[in-house]
Amino acid sequence: MVWEDWWAWIAFGLVLAILELLAPGFVFVGFALGAVATGLVLWTDLFPAAWMDGSFARHLLVFAVLSVGFWVLVRALLGVRGGQVKTFDRDINED
């Protein structure tokens, strides 16, 4: 199956990164980084070969864990804080 190849995960991550350009609000960026990281894990054999080879469910598990981690990291670094509402203290028209 093609999803067992490392390059397929990286290509999927690039497609998700392109979708991120079309969708506002950091929707796909965590998933894109997770897919690229999953491809790099498969390419570098970071996990033992017996654990990662031949199991699409295990690849999806690694993808899900990495995607959630990257999504939380991106939201913490770039997200709006303080109740998710942007407030203004002064009006530029009142001077």
# chains A, B, ... in the order shown; residues from 1 in each chain; ligands from 1
call {"tool": "residues_around", "arguments": {"residues": "Leu60 of chain A", "least_positions_apart": "4", "cutoff": "10 Å", "atoms": "only C-alpha atoms", "output": "number ranges by chain"}}
result
A: 3, 35, 38, 55-56, 64-66
call {"tool": "residues_around", "arguments": {"residues": "segment 7-21 of chain A", "least_positions_apart": "2", "cutoff": "10 Å", "atoms": "only C-alpha atoms", "output": "ChimeraX atom specification"}}
result
/A:2-5,23-43,59,63
call {"tool": "atom_distance", "arguments": {"atom1": "atom CA of Val62 of chain A", "atom2": "atom CA of Arg75 of chain A"}}
result
19.9 Å
call {"tool": "decode", "arguments": {"residues": "segment 7-62 of chain A", "atoms": "C-alpha atoms", "output": "compact mmCIF listing (two decimals), in the first residue's frame"}}
result
# COMPACT_ATOMS: atom_id res chain seq x y z
CA TRP A 7 7.33 9.87 0.57
CA ALA A 8 3.54 9.44 0.48
CA TRP A 9 3.22 10.91 3.97
CA ILE A 10 5.43 13.86 3.04
CA ALA A 11 3.41 14.46 -0.14
CA PHE A 12 0.22 14.32 1.94
CA GLY A 13 1.74 16.87 4.32
CA LEU A 14 2.53 19.19 1.41
CA VAL A 15 -1.05 18.91 0.15
CA LEU A 16 -2.31 19.80 3.63
CA ALA A 17 0.11 22.74 3.77
CA ILE A 18 -1.31 24.02 0.47
CA LEU A 19 -4.82 23.65 1.89
CA GLU A 20 -3.68 25.70 4.87
CA LEU A 21 -2.94 28.58 2.52
CA LEU A 22 -6.57 28.49 1.37
CA ALA A 23 -8.18 28.10 4.81
CA PRO A 24 -7.74 30.77 7.48
CA GLY A 25 -7.05 30.11 11.13
CA PHE A 26 -4.31 27.46 11.28
CA VAL A 27 -6.73 24.62 10.52
CA PHE A 28 -4.48 22.25 8.57
CA VAL A 29 -1.01 23.28 9.74
CA GLY A 30 -0.86 20.78 12.62
CA PHE A 31 -1.99 17.97 10.37
CA ALA A 32 0.51 18.99 7.68
CA LEU A 33 3.37 19.00 10.17
CA GLY A 34 2.16 15.68 11.58
CA ALA A 35 2.10 14.08 8.14
CA VAL A 36 5.58 15.34 7.28
CA ALA A 37 6.87 14.17 10.67
CA THR A 38 5.28 10.75 10.11
CA GLY A 39 7.06 10.53 6.76
CA LEU A 40 10.33 11.46 8.42
CA VAL A 41 9.77 8.84 11.14
CA LEU A 42 9.24 6.18 8.46
CA TRP A 43 12.23 7.40 6.45
CA THR A 44 14.66 7.47 9.37
CA ASP A 45 13.37 4.26 11.02
CA LEU A 46 13.02 6.06 14.34
CA PHE A 47 10.75 3.35 15.74
CA PRO A 48 11.72 -0.32 15.65
CA ALA A 49 11.04 -1.83 12.24
CA ALA A 50 8.84 -4.59 13.65
CA TRP A 51 6.54 -1.98 15.17
CA MET A 52 6.12 0.30 12.14
CA ASP A 53 6.27 -2.07 9.18
CA GLY A 54 3.12 -3.29 7.52
CA SER A 55 0.53 -1.71 9.77
CA PHE A 56 -1.46 1.21 8.41
CA ALA A 57 -3.24 1.53 11.77
CA ARG A 58 0.09 2.13 13.52
CA HIS A 59 1.02 4.73 10.92
CA LEU A 60 -2.29 6.47 11.57
CA LEU A 61 -1.64 6.35 15.30
CA VAL A 62 1.76 8.00 14.89
